[in-house]
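S.K.: Supplied in structure tokens, the structure appears directly below.
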Amino acid sequence: MIPAHGPRDIIAPFWTYFDYSVSGVVFFNQYTSGSVLQQATRDIQEYFPELNFTASWVFVATWYVVPDDETTGTLTTVQAVLISGGQYSFVMMNYGSVASTTENVQAGYDTIGSSHYFSIPGSFSDTATGSNSTFRLSSNVNVPGRWAFQINDGPLGSTYIEPLYPVMGEPSYRPLNGYSSPIALEQPFGVFGQSYHQIYVNHNGHLTFMPSLHTTTPRMFPAHGYKDIIAPFWTDLDDARGVVFYNQYTSGSVLQQATSDIQEYFPELNFTASWVFVATWYEVPDDETTGTETTVQAVLISGGQDSFVLMNYGTIASTDHTVQTPSSKVASYTVINPELVSHAQSQAHGTMHGRGVHSPESGLELTAYLAPSPLGWEKG
């Protein structure tokens, strides 16, 4: 599992057990001229427009209609494409058919000692393969079935660190500044006395219950508006790159994690989570500034008469845009100083860095946005 903290660098588009005795071929080839270099140049210029990049070398490895070791009829085709030019190097992972398999699958890359790593959402889960494969249906460059990474340099670690919940689920593909279709909640969620049965994941870093909201300019809280908003990172985001995921859970390890977290933060409550909704804005850049990729989450948790919101912050890149966080209620609201939001990732105190937690149903006033003053909740 990535990060492995091992002794070698690994690029793994589809790390599992394959049985080549049955069928399948593994191809590899290098290119230093011709149409493949032209294609690689176009792709990298599209995905990383801030770079003046020209490919000088491409290496393509293809695992072609390869079955797994146990399940018959499970033929998968994937590629790893290594691209370099000048001081830059990249890896693309392309997913053709991804057949169902009973084997665990890891996708991503890892470096010596895991100083740099990335695990593609869905790894080691039942969404890795089959017709709903996250690898094939999702993307970090808005091309389903393709994942592209600059690997000549980068930030240490990955967004797969605390405090994020699992980064996986249904991707929301809509036009720029869009929003998901209305999502039916498997259990109602209470917000200050109002019970909701559907939700919208809006691509500019916030959730609404009815209707959706696609405005790019955040409104300062309190907004004295007409709708309930949960906004972990409301700003002008460019959802043409990056991925917006959402998922619901009514059983399993995520409910256990949510129960443990709420019991820790609200020890006076005898709480057990029965439903969790996780929305993730994953490596989404702002709309104008190059190289500004941010990962944040809103985690809605309910159980019995209590409901909670966790806001988790992974990488928070610099931006020239105004940012509003975390949530606004028609009558009751909370607010955080947007100029200091980046401190939530690295300077939080308590048991968890980069996490804010609030109980919108009970109205509990929590000064434990786990970060130092003056970053905190303000209730009006």
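Identifiers in the structure tokens: chain A, B, ... in order shown; residue index from 1 per chain; ligand index from 1 in order shown.
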Pick out the residues sitting within 10 Å of Gly242 of chain A, and hand them over as a ChimeraX atom specification; count only C-alpha atoms, and ignore anything fewer than 6 positions along from it in its own chain.

M.R.: /A:138-142,147,281-285,293-295

S.K.: Let's have the selection written as a PDB file, in the first residue's frame, with C-alpha atoms.

M.R.:
ATOM      1  CA  SER A 138     -12.224   9.712 -12.850  1.00  0.00           C
ATOM      2  CA  SER A 139      -9.229  11.905 -13.573  1.00  0.00           C
ATOM      3  CA  ASN A 140      -7.124  14.702 -12.132  1.00  0.00           C
ATOM      4  CA  VAL A 141      -6.874  16.392 -15.558  1.00  0.00           C
ATOM      5  CA  ASN A 142     -10.561  16.252 -16.579  1.00  0.00           C
ATOM      6  CA  TRP A 147      -4.146  10.678 -14.489  1.00  0.00           C
ATOM      7  CA  TRP A 281     -12.521  18.898  -3.763  1.00  0.00           C
ATOM      8  CA  TYR A 282      -9.372  17.070  -4.840  1.00  0.00           C
ATOM      9  CA  GLU A 283      -6.317  18.926  -6.185  1.00  0.00           C
ATOM     10  CA  VAL A 284      -8.518  21.661  -7.656  1.00  0.00           C
ATOM     11  CA  PRO A 285      -6.701  24.832  -8.756  1.00  0.00           C
ATOM     12  CA  GLU A 293      -3.918  23.106  -6.245  1.00  0.00           C
ATOM     13  CA  THR A 294      -5.994  22.660  -3.110  1.00  0.00           C
ATOM     14  CA  THR A 295      -7.613  19.617  -1.472  1.00  0.00           C
TER      15      THR A 295
END

S.K.: Compile the contact shell of segment 89-99 of chain A as a ChimeraX atom specification: residues with an atom at most 9 Å away, counting only C-alpha atoms, same-chain residues fewer than 3 positions apart removed.

M.R.: /A:11-14,44,55,65,67,73-86,107-108,128-131,133,135-137,144-153

S.K.: Just the number, please: distance in Å from atom CA of Ser195 of chain A to atom CA of Ala273 of chain A, one decimal.

M.R.: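 Between atom CA of Ser195 of chain A and atom CA of Ala273 of chain A the gap works out to 16.8 Å.
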
S.K.: Quick check, in Å to one decimal: how far apart do atom CA of Tyr20 of chain A and atom CA of Ile112 of chain A lie?

M.R.: 28.5 Å

S.K.: Kindly give the distance, in Å, that separates atom CA of Ala231 of chain A and atom CA of Ile199 of chain A, rounded to a single decimal.

M.R.: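 It comes out at 13.0 Å.
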
S.K.: Among segment 58-279 of chain A, which residues carry a DSSP assignment of strand (DSSP E), reported as number ranges by chain?

M.R.: A: 58-67, 75-85, 88-95, 106-110, 117-119, 146-150, 170-171, 183-191, 194-202, 206-208, 229-230, 243-249, 275-279

S.K.: Please determine, counting only C-alpha atoms, which residue among A:Gly24, A:Gly205, A:Pro7, A:Gly304 has the shortest atom-to-atom distance to Val243 of chain A.

M.R.: A:Gly205

S.K.: Leaving out segment 265-272 of chain A and any residue of its chain fewer than 5 positions from it, which residues lie within 8 Å of it when counting only C-alpha atoms, given as JSON, numbers by chain?

M.R.: {"A": [259, 303, 304, 306]}

S.K.: Mind checking which residues fall within 10 Å of Phe189 of chain A, counting only C-alpha atoms, ignoring those fewer than 2 positions away in the same chain, and posting them as a list of chain:residue names?

M.R.: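 Skipping anything fewer than 2 positions along the chain leaves A:Leu185, A:Glu186, A:Gln187, A:Val191, A:Phe192, A:Gly193, A:Gln194, A:Ser195, A:Tyr196, A:His197, A:Gln198, A:Ile199, A:Phe209, A:Trp275, A:Val276, A:Phe277, A:Leu300, A:Ile301, A:Ser302, A:Gly303, A:Gln305, A:Asp306, A:Ser307, A:Phe308, A:Pro360, A:Glu361.
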
S.K.: Measuring between only C-alpha atoms, which one of A:Ala61, A:Met1, A:Met210, A:Ile262 shows the shortest distance to Ser125 of chain A?

M.R.: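 Looking only at the distances to Ser125 of chain A, the closest residue turns out to be A:Met1.
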
S.K.: Given only C-alpha atoms as the basis, pick out the residue of A:Tyr64, A:Tyr88, A:Trp15, A:Tyr31 nearest to Gln45 of chain A.

M.R.: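 Closest residue, counting only C-alpha atoms: A:Tyr88.
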
S.K.: Check the smallest atom-to-atom distance from each of A:Glu264, A:Val296, A:Ser21, A:Thr127 to Asn204 of chain A using only C-alpha atoms, then report the winner.

M.R.: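 Ranked by minimum distance to Asn204 of chain A, first place goes to A:Val296.
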